[in-house]
Amino acid sequence: MTKTLTVTTPSDREIALTRVFDAPRALVFDALTKPELVKRWMLGNMGATMPVCEIDLRVGGAYRYVWRSPDGSEMAMTGTYREIARPERLVNTQRFEAAWLPGEFVLTTTLVESGGKTTFTCTTLYDSRETRDKILRSGMESGASASYDRLADVLAELRR
Amino acid sequence: MTFSERLDATFTALADPTRRAILARLASGEASVLELAKPFAMSQPAISKHLKVLERAGLISRGRDAQRRPCRIEGKPLADISGWLESYRQIWEENFQRLDALLEELQSPEKKTNPRKGKRS
C-alpha cells in the first residue's frame with residue numbers, strides 16, 4: 001500500500017506528516033480548506049464531531065474548529081492563514097484554546113501531484129520542544145492506546 | 001513517575017548528542033564509566049553526570065559491582081516513545097482514512113454531493 005502515513009520529527013521543534021491520497025491535489029486542497037469538507041474527516045479517533053468549522057480562506061483570514069466528544073466536552077482550535085497558493089501550498093498558524101496547551105504553531109502544507117495522486121506533507125513548527133512533546137503526548141492520551149495512565153487527568157481538564 | 005513524567009525524562013535524556021552516543025555504544029554491550037569516557041573528550045565526572053540523567057530516565061541501569069558498576073541499556077522507555085508516536089500516527093491515520101473515503105466520494109459522478117459549488121481560484 002502506498003497510503004501509509006509517516007510521522008517524523010525533522011527537528012526538535014517539528015512534527016511532519018506525509019501521506020499519499022488517491023485524488024488530484026486541488027481536491028485535497030479543498031478538503032483541507034472548505035468547512036463542509038473539513039468537518040467530515042478531521043475528527044480524531046474518539047467519536048468526536050465538529051459542530052463549529054469556520055474558515056475565512058484569505059491571507060490574514062482566520063479559521064476556528066470546535067470538536068465535541070461524546071461526553072459533551074469541547075476543544076477548540078484557531079489560527080490565521082499566512083500563505084494560500086491553491087492547490088500546492090498552504091501556511092497557517094494554529095493555537096488550541098486550552099490552558100494546558102499554550103503556544104502558537106506554524107503549519108506548512110505542501111501538495112505534490114503525480115499521476116492523479118497527491119502527496120500531502122504537513123510540517124508543524126512548534127514554539128518549543130516542550131510544546132511539541134505535549135502535542136505528541138496528547139495523541140497518546142486521546143488515542144486508542146493501552147497506555148492510558150494520564151487519560152483520566154486529561155479528560156478532567158477538558159471538562160473544566 | 002507518571003507516564004507523562006517518564007516521557008519528559010526520556011526526551012530530556014535523549015536531547016543530548018553525548019547521551020545518544022553513550023546509548024549507541026551501550027547498544028553493543030555493557031560498559032564501565034571509564035570505558036564509556038574513552039571516546040569522548042570528557043572527564044569521568046562529566047560522563048557520570050550524563051549517566052545519571054540516562055539512569056533517571058530508565059534508559060540505562062548500573063550493575064551492583066561496586067568497583068566497576070557496568071552500565072547497560074534498558075529498552076522499556078524507548079518502547080514507550082515508539083508507542084507514543086504510534087498513537088499520534090493512529091489518530092491521523094483515522095482522519096486520513098475518512099479523507100480517503102471523502103475524496104473518493106467527491107470524485108464519483110453518481111454522488112449528489114457538490115463540494116465545488118464555492119468559488120474556485
# chains A, B, ... in the order shown; residues from 1 in each chain; ligands from 1
call {"tool": "select_by_dssp", "arguments": {"residues": "segment 23-116 of chain B", "states": "alpha helix (DSSP H)", "output": "ChimeraX atom specification"}}
result
/B:23-26,33-37,44-56,76-107
call {"tool": "interface_residues", "arguments": {"of": "chain B", "to": "chain A", "cutoff": "6 Å", "atoms": "only C-alpha atoms", "output": "list in words"}}
result
Trp84, Ser87, Tyr88, Ile91, Asn95, Arg98 and Leu99 of chain B
call {"tool": "residues_around", "arguments": {"residues": "segment 102-108 of chain A", "least_positions_apart": "2", "cutoff": "6 Å", "atoms": "only C-alpha atoms", "output": "mmCIF file with N, CA and C atoms, in the first residue's frame"}}
result
data_model
loop_
_atom_site.group_PDB
_atom_site.id
_atom_site.type_symbol
_atom_site.label_atom_id
_atom_site.label_comp_id
_atom_site.auth_asym_id
_atom_site.auth_seq_id
_atom_site.Cartn_x
_atom_site.Cartn_y
_atom_site.Cartn_z
ATOM 1 N N LEU A 90 -0.027 25.755 1.528
ATOM 2 C CA LEU A 90 -0.851 26.462 2.495
ATOM 3 C C LEU A 90 -0.017 26.638 3.765
ATOM 4 N N VAL A 91 0.034 27.865 4.252
ATOM 5 C CA VAL A 91 0.738 28.092 5.521
ATOM 6 C C VAL A 91 -0.233 28.764 6.472
ATOM 7 N N ASN A 92 -0.393 28.200 7.633
ATOM 8 C CA ASN A 92 -1.291 28.805 8.619
ATOM 9 C C ASN A 92 -0.776 28.626 10.030
ATOM 10 N N THR A 93 -1.221 29.511 10.911
ATOM 11 C CA THR A 93 -0.854 29.364 12.321
ATOM 12 C C THR A 93 -1.929 28.521 12.993
ATOM 13 N N GLN A 94 -1.625 28.066 14.185
ATOM 14 C CA GLN A 94 -2.564 27.208 14.904
ATOM 15 C C GLN A 94 -2.361 27.393 16.405
ATOM 16 N N ARG A 95 -3.490 27.412 17.103
ATOM 17 C CA ARG A 95 -3.424 27.596 18.536
ATOM 18 C C ARG A 95 -4.619 26.875 19.144
ATOM 19 N N ALA A 99 -5.903 25.895 28.163
ATOM 20 C CA ALA A 99 -4.832 26.397 29.019
ATOM 21 C C ALA A 99 -3.662 25.407 29.104
ATOM 22 N N CYS A 122 2.601 17.782 5.738
ATOM 23 C CA CYS A 122 2.273 18.894 6.628
ATOM 24 C C CYS A 122 3.307 18.922 7.743
ATOM 25 N N THR A 123 4.056 20.011 7.779
ATOM 26 C CA THR A 123 5.078 20.153 8.814
ATOM 27 C C THR A 123 4.619 21.216 9.810
ATOM 28 N N THR A 124 4.560 20.845 11.059
ATOM 29 C CA THR A 124 4.173 21.785 12.104
ATOM 30 C C THR A 124 5.412 22.202 12.875
ATOM 31 N N LEU A 125 5.606 23.522 12.946
ATOM 32 C CA LEU A 125 6.728 24.067 13.716
ATOM 33 C C LEU A 125 6.177 24.600 15.031
ATOM 34 N N TYR A 126 6.632 24.045 16.132
ATOM 35 C CA TYR A 126 6.154 24.458 17.449
ATOM 36 C C TYR A 126 7.081 25.506 18.047
#
call {"tool": "atom_distance", "arguments": {"atom1": "atom CA of Pro39 of chain B", "atom2": "atom CA of Arg25 of chain B"}}
result
9.8 Å
call {"tool": "select_by_dssp", "arguments": {"residues": "chain A", "states": "strand (DSSP E or B)", "output": "ChimeraX atom specification"}}
result
/A:6-8,14-21,49-55,62-68,74-85,89-96,105-114,117-125
call {"tool": "write_last_selection", "arguments": {"atoms": "C-alpha atoms", "output": "PDB file, in the first residue's frame"}}
result
ATOM      1  CA  THR A   6       4.602   8.629   8.005  1.00  0.00           C
ATOM      2  CA  VAL A   7       5.160  10.665  11.124  1.00  0.00           C
ATOM      3  CA  THR A   8       8.619  12.099  11.558  1.00  0.00           C
ATOM      4  CA  GLU A  14       8.760  19.939  14.363  1.00  0.00           C
ATOM      5  CA  ILE A  15       6.411  17.104  13.518  1.00  0.00           C
ATOM      6  CA  ALA A  16       5.873  16.160   9.878  1.00  0.00           C
ATOM      7  CA  LEU A  17       3.054  14.045   8.476  1.00  0.00           C
ATOM      8  CA  THR A  18       3.302  12.581   4.980  1.00  0.00           C
ATOM      9  CA  ARG A  19       0.529  10.712   3.219  1.00  0.00           C
ATOM     10  CA  VAL A  20      -0.488   9.901  -0.363  1.00  0.00           C
ATOM     11  CA  PHE A  21      -4.089  10.441  -1.457  1.00  0.00           C
ATOM     12  CA  THR A  49     -17.965  15.682  15.923  1.00  0.00           C
ATOM     13  CA  MET A  50     -17.047  19.156  14.691  1.00  0.00           C
ATOM     14  CA  PRO A  51     -20.038  21.407  15.387  1.00  0.00           C
ATOM     15  CA  VAL A  52     -18.082  24.561  14.535  1.00  0.00           C
ATOM     16  CA  CYS A  53     -15.894  24.842  11.455  1.00  0.00           C
ATOM     17  CA  GLU A  54     -15.398  28.407  10.243  1.00  0.00           C
ATOM     18  CA  ILE A  55     -12.851  29.207   7.557  1.00  0.00           C
ATOM     19  CA  ALA A  62      -8.977  33.267  10.474  1.00  0.00           C
ATOM     20  CA  TYR A  63     -10.328  29.781  10.970  1.00  0.00           C
ATOM     21  CA  ARG A  64     -11.827  28.144  14.019  1.00  0.00           C
ATOM     22  CA  TYR A  65     -12.608  24.487  14.708  1.00  0.00           C
ATOM     23  CA  VAL A  66     -14.527  23.169  17.700  1.00  0.00           C
ATOM     24  CA  TRP A  67     -14.674  19.451  18.436  1.00  0.00           C
ATOM     25  CA  ARG A  68     -17.273  17.889  20.705  1.00  0.00           C
ATOM     26  CA  GLU A  74     -15.350  20.526  23.729  1.00  0.00           C
ATOM     27  CA  MET A  75     -11.981  21.533  22.430  1.00  0.00           C
ATOM     28  CA  ALA A  76     -11.318  24.470  20.118  1.00  0.00           C
ATOM     29  CA  MET A  77      -8.513  25.387  17.769  1.00  0.00           C
ATOM     30  CA  THR A  78      -7.977  28.641  15.902  1.00  0.00           C
ATOM     31  CA  GLY A  79      -5.449  30.256  13.630  1.00  0.00           C
ATOM     32  CA  THR A  80      -4.896  32.505  10.657  1.00  0.00           C
ATOM     33  CA  TYR A  81      -3.762  31.900   7.093  1.00  0.00           C
ATOM     34  CA  ARG A  82      -0.355  33.241   6.120  1.00  0.00           C
ATOM     35  CA  GLU A  83       0.084  31.880   2.609  1.00  0.00           C
ATOM     36  CA  ILE A  84      -2.521  30.461   0.271  1.00  0.00           C
ATOM     37  CA  ALA A  85      -1.330  29.032  -3.027  1.00  0.00           C
ATOM     38  CA  ARG A  89       0.795  25.185  -0.660  1.00  0.00           C
ATOM     39  CA  LEU A  90      -0.851  26.462   2.495  1.00  0.00           C
ATOM     40  CA  VAL A  91       0.738  28.092   5.521  1.00  0.00           C
ATOM     41  CA  ASN A  92      -1.291  28.805   8.619  1.00  0.00           C
ATOM     42  CA  THR A  93      -0.854  29.364  12.321  1.00  0.00           C
ATOM     43  CA  GLN A  94      -2.564  27.208  14.904  1.00  0.00           C
ATOM     44  CA  ARG A  95      -3.424  27.596  18.536  1.00  0.00           C
ATOM     45  CA  PHE A  96      -5.502  25.483  20.898  1.00  0.00           C
ATOM     46  CA  PHE A 105       2.390  26.849  15.893  1.00  0.00           C
ATOM     47  CA  VAL A 106       3.015  27.282  12.192  1.00  0.00           C
ATOM     48  CA  LEU A 107       1.806  24.632   9.762  1.00  0.00           C
ATOM     49  CA  THR A 108       3.216  24.376   6.267  1.00  0.00           C
ATOM     50  CA  THR A 109       1.257  22.087   3.978  1.00  0.00           C
ATOM     51  CA  THR A 110       2.509  21.108   0.542  1.00  0.00           C
ATOM     52  CA  LEU A 111       0.633  19.085  -2.050  1.00  0.00           C
ATOM     53  CA  VAL A 112       2.534  17.439  -4.889  1.00  0.00           C
ATOM     54  CA  GLU A 113       0.532  15.751  -7.625  1.00  0.00           C
ATOM     55  CA  SER A 114       1.771  12.924  -9.807  1.00  0.00           C
ATOM     56  CA  LYS A 117      -2.243  11.022  -6.847  1.00  0.00           C
ATOM     57  CA  THR A 118      -1.305  13.642  -4.324  1.00  0.00           C
ATOM     58  CA  THR A 119       1.486  13.517  -1.794  1.00  0.00           C
ATOM     59  CA  PHE A 120       0.481  15.560   1.203  1.00  0.00           C
ATOM     60  CA  THR A 121       3.130  16.808   3.621  1.00  0.00           C
ATOM     61  CA  CYS A 122       2.273  18.894   6.628  1.00  0.00           C
ATOM     62  CA  THR A 123       5.078  20.153   8.814  1.00  0.00           C
ATOM     63  CA  THR A 124       4.173  21.785  12.104  1.00  0.00           C
ATOM     64  CA  LEU A 125       6.728  24.067  13.716  1.00  0.00           C
TER      65      LEU A 125
END
call {"tool": "atom_distance", "arguments": {"atom1": "atom CA of Ile22 of chain B", "atom2": "atom CA of Leu36 of chain B"}}
result
6.9 Å
call {"tool": "residues_around", "arguments": {"residues": "Ala21 of chain B", "least_positions_apart": "5", "cutoff": "12 Å", "atoms": "only C-alpha atoms", "output": "list in words"}}
result
Ala13, Leu14, Ala15, Asp16, Leu26, Ala27, Ser28, Leu36, Ala37, Pro39, Phe40, Ile47, His50, Leu51, Leu54 and Ile73 of chain B
call {"tool": "atom_distance", "arguments": {"atom1": "atom CA of Leu23 of chain B", "atom2": "atom CA of Arg64 of chain B"}}
result
19.4 Å
call {"tool": "decode", "arguments": {"residues": "segment 90-112 of chain A", "atoms": "N, CA and C atoms", "output": "tab-separated table (two decimals), in the first residue's frame"}}
result
chain	number	residue	atom	x	y	z
A	90	LEU	N	-0.03	25.75	1.53
A	90	LEU	CA	-0.85	26.46	2.50
A	90	LEU	C	-0.02	26.64	3.76
A	91	VAL	N	0.03	27.86	4.25
A	91	VAL	CA	0.74	28.09	5.52
A	91	VAL	C	-0.23	28.76	6.47
A	92	ASN	N	-0.39	28.20	7.63
A	92	ASN	CA	-1.29	28.81	8.62
A	92	ASN	C	-0.78	28.63	10.03
A	93	THR	N	-1.22	29.51	10.91
A	93	THR	CA	-0.85	29.36	12.32
A	93	THR	C	-1.93	28.52	12.99
A	94	GLN	N	-1.62	28.07	14.19
A	94	GLN	CA	-2.56	27.21	14.90
A	94	GLN	C	-2.36	27.39	16.41
A	95	ARG	N	-3.49	27.41	17.10
A	95	ARG	CA	-3.42	27.60	18.54
A	95	ARG	C	-4.62	26.87	19.14
A	96	PHE	N	-4.39	26.13	20.21
A	96	PHE	CA	-5.50	25.48	20.90
A	96	PHE	C	-6.06	26.44	21.94
A	97	GLU	N	-7.38	26.48	22.04
A	97	GLU	CA	-7.99	27.31	23.08
A	97	GLU	C	-8.08	26.48	24.35
A	98	ALA	N	-6.93	26.09	24.86
A	98	ALA	CA	-6.89	25.26	26.06
A	98	ALA	C	-5.67	25.67	26.88
A	99	ALA	N	-5.90	25.90	28.16
A	99	ALA	CA	-4.83	26.40	29.02
A	99	ALA	C	-3.66	25.41	29.10
A	100	TRP	N	-3.99	24.12	29.00
A	100	TRP	CA	-2.91	23.13	29.15
A	100	TRP	C	-2.06	23.00	27.90
A	101	LEU	N	-2.49	23.68	26.81
A	101	LEU	CA	-1.71	23.58	25.58
A	101	LEU	C	-1.44	24.96	25.01
A	102	PRO	N	-0.58	25.72	25.63
A	102	PRO	CA	-0.34	27.08	25.17
A	102	PRO	C	0.57	27.09	23.95
A	103	GLY	N	0.72	28.28	23.35
A	103	GLY	CA	1.66	28.41	22.25
A	103	GLY	C	0.98	28.45	20.90
A	104	GLU	N	1.65	29.09	19.97
A	104	GLU	CA	1.14	29.17	18.60
A	104	GLU	C	2.11	28.42	17.70
A	105	PHE	N	1.56	27.67	16.77
A	105	PHE	CA	2.39	26.85	15.89
A	105	PHE	C	2.20	27.30	14.46
A	106	VAL	N	3.14	26.96	13.61
A	106	VAL	CA	3.02	27.28	12.19
A	106	VAL	C	3.01	25.99	11.38
A	107	LEU	N	1.95	25.83	10.59
A	107	LEU	CA	1.81	24.63	9.76
A	107	LEU	C	2.08	24.97	8.30
A	108	THR	N	2.96	24.22	7.69
A	108	THR	CA	3.22	24.38	6.27
A	108	THR	C	2.77	23.10	5.56
A	109	THR	N	1.78	23.25	4.69
A	109	THR	CA	1.26	22.09	3.98
A	109	THR	C	1.65	22.19	2.51
A	110	THR	N	2.21	21.12	1.98
A	110	THR	CA	2.51	21.11	0.54
A	110	THR	C	1.82	19.92	-0.10
A	111	LEU	N	1.32	20.13	-1.30
A	111	LEU	CA	0.63	19.08	-2.05
A	111	LEU	C	1.34	18.91	-3.39
A	112	VAL	N	1.84	17.72	-3.63
A	112	VAL	CA	2.53	17.44	-4.89
A	112	VAL	C	1.75	16.37	-5.63
